[in-house]
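For reference, the structure discussed in these notes is given below.
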Amino acid sequence: MKFKAIKNNLGISILEVIVAMTIITLGLVGVLSLVIQNVKAQYINKNVLIASDLAGEGLELIRNVRDFNWLTPGNTWKQNIVGDGTYTIDYGGLISINMAVNSINDAGARLYLNSDGFYVHTATADTTNFYRLITVVDNGDYLDVKCTIRWQDGAQEHDYTAQTYLYNWR
């Protein structure tokens, strides 16, 4: 006796197509949501990195003023940065110190991007979301220097603060 294979060429049913499309759609939605979260995280990390660099630059600029005072005969090491106060300073150093800024939300604390790619407090350049304020507290033998960077993403404000102590170790 010979058995004959029965071929069923009816194809796939509509129910199988719907189930397959649902599984593929759920997989693509998961991948798409992962991509969206990744783009958001990249944007946040970019701003944190910029804020970190701006804070470090602010501390280095104040340190540079102290070093300039050491090299200038007749200057004390705390000259131009002594006393409790808040300041703004640009990459220009000593000549760009502005002691009239009292709060990080003041217009004078806003940073702009100039045509050379430097962040400055001069309003003649492109506006950024970043504000920088240097706070100096004189503790007698040393200065407690803090640099706070603030930026806004949508309705949420972010702060990044770097701190150092400056001594007259010379």
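Chain identifiers are assigned as A, B, and so on, following the order in which chains appear in the structure tokens; residues are numbered from 1 within each chain, and ligands are numbered from 1 in order of appearance.
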
_as a PyMOL selection string, please: the residues near Val136 in chain A (cut-off 10 Å, only C-alpha atoms, same-chain neighbours under 6 positions excluded)._
chain A and resi 62+81-87+143-147+163-166

_Could you list, as number ranges by chain, every residue within 12 Å of Gln79 in chain A, counting only C-alpha atoms and ignoring same-chain residues fewer than 2 positions away?_
A: 62-77, 81-83, 94, 138, 143, 168

Once you have the residues from the selection above, write them out as a JSON list (two decimals), in the first residue's frame, restricted to C-alpha atoms.
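out23.json, written as the output of this step:
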```
[["chain", "number", "residue", "atom", "x", "y", "z"],
["A", 62, "ILE", "CA", 39.78, 82.91, 39.65],
["A", 63, "ARG", "CA", 42.94, 80.87, 40.30],
["A", 64, "ASN", "CA", 44.56, 82.76, 37.43],
["A", 65, "VAL", "CA", 43.71, 86.10, 39.11],
["A", 66, "ARG", "CA", 45.40, 84.87, 42.30],
["A", 67, "ASP", "CA", 48.46, 83.80, 40.31],
["A", 68, "PHE", "CA", 48.53, 87.17, 38.51],
["A", 69, "ASN", "CA", 48.52, 88.88, 41.92],
["A", 70, "TRP", "CA", 51.57, 86.86, 42.95],
["A", 71, "LEU", "CA", 53.44, 87.99, 39.85],
["A", 72, "THR", "CA", 52.53, 91.66, 40.24],
["A", 73, "PRO", "CA", 54.74, 93.55, 42.71],
["A", 74, "GLY", "CA", 52.74, 95.28, 45.42],
["A", 75, "ASN", "CA", 49.61, 93.13, 45.00],
["A", 76, "THR", "CA", 48.32, 90.94, 47.79],
["A", 77, "TRP", "CA", 47.40, 87.40, 46.82],
["A", 81, "ILE", "CA", 38.93, 88.60, 44.64],
["A", 82, "VAL", "CA", 39.04, 89.30, 48.38],
["A", 83, "GLY", "CA", 35.97, 89.50, 50.51],
["A", 94, "LEU", "CA", 41.02, 90.02, 35.56],
["A", 138, "ASP", "CA", 37.12, 84.79, 52.63],
["A", 143, "LEU", "CA", 39.34, 81.53, 49.97],
["A", 168, "ASN", "CA", 48.47, 81.73, 49.80]]
```

*Which residues come within 12 Å of Asp153 in chain A, counting only C-alpha atoms, excluding same-chain residues fewer than 4 positions away, as a ChimeraX atom specification?*
/A:40,43-48,128-130,157-159

*Quote the spacing between CA of Tyr91 in chain A and CA of Asn139 in chain A in Å to one decimal place.*
25.9 Å

*Among range 42-159 of chain A, which ones does DSSP place in strand (DSSP E), written as a ChimeraX atom specification?*
/A:85-87,110-113,119-120,126-138,142-153,156-159

Output C-alpha atoms of each residue in that selection to a file, as an mmCIF file, in the first residue's frame.
```
data_model
loop_
_atom_site.group_PDB
_atom_site.id
_atom_site.type_symbol
_atom_site.label_atom_id
_atom_site.label_comp_id
_atom_site.auth_asym_id
_atom_site.auth_seq_id
_atom_site.Cartn_x
_atom_site.Cartn_y
_atom_site.Cartn_z
ATOM 1 C CA GLY A 85 30.939 88.255 47.275
ATOM 2 C CA THR A 86 29.628 87.017 43.994
ATOM 3 C CA TYR A 87 31.280 87.605 40.655
ATOM 4 C CA ARG A 110 23.909 84.706 31.587
ATOM 5 C CA LEU A 111 26.484 83.247 29.242
ATOM 6 C CA TYR A 112 26.584 83.963 25.517
ATOM 7 C CA LEU A 113 28.535 82.200 22.793
ATOM 8 C CA TYR A 119 31.342 81.582 26.447
ATOM 9 C CA VAL A 120 31.173 85.223 27.564
ATOM 10 C CA ASP A 126 24.486 84.285 20.688
ATOM 11 C CA THR A 127 22.327 83.522 23.736
ATOM 12 C CA THR A 128 22.792 80.191 25.539
ATOM 13 C CA ASN A 129 20.793 78.501 28.314
ATOM 14 C CA PHE A 130 23.715 78.715 30.746
ATOM 15 C CA TYR A 131 24.347 81.084 33.664
ATOM 16 C CA ARG A 132 27.626 81.191 35.635
ATOM 17 C CA LEU A 133 28.232 82.746 39.036
ATOM 18 C CA ILE A 134 31.402 82.644 41.125
ATOM 19 C CA THR A 135 30.954 82.884 44.908
ATOM 20 C CA VAL A 136 33.981 83.690 47.068
ATOM 21 C CA VAL A 137 34.025 83.429 50.858
ATOM 22 C CA ASP A 138 37.118 84.788 52.634
ATOM 23 C CA TYR A 142 42.146 80.695 52.384
ATOM 24 C CA LEU A 143 39.341 81.533 49.972
ATOM 25 C CA ASP A 144 36.401 79.185 49.505
ATOM 26 C CA VAL A 145 35.527 79.504 45.809
ATOM 27 C CA LYS A 146 32.383 78.012 44.285
ATOM 28 C CA CYS A 147 31.308 78.189 40.687
ATOM 29 C CA THR A 148 27.656 77.478 39.987
ATOM 30 C CA ILE A 149 26.304 76.832 36.522
ATOM 31 C CA ARG A 150 22.559 76.890 35.916
ATOM 32 C CA TRP A 151 20.692 75.900 32.800
ATOM 33 C CA GLN A 152 17.108 75.143 31.960
ATOM 34 C CA ASP A 153 15.684 72.224 29.982
ATOM 35 C CA GLN A 156 13.232 72.070 34.779
ATOM 36 C CA GLU A 157 16.267 73.969 36.091
ATOM 37 C CA HIS A 158 19.574 72.173 36.596
ATOM 38 C CA ASP A 159 22.510 73.348 38.724
#
```

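The residue set within 9 Å of Thr88 in chain A, counting only C-alpha atoms and dropping same-chain residues fewer than 5 places from it, reads Gly58, Ser96, Ile97, Asn98, Met99, Ala100, Val101, Gly108, Ala109, His121, Arg132, Leu133, Ile134 and Thr135 of chain A.
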
*If you run DSSP on the backbone, which residues of chain A are alpha helix (DSSP H), as an MDAnalysis selection string?*
chainID A and resid 14:71

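Reported to one decimal place, the separation of CA of Ser103 in chain A from CA of Asp116 in chain A is 27.0 Å.
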
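Our summary of the geometry notes that CA of Ile23 in chain A is positioned 21.6 Å from CA of Gln37 in chain A.
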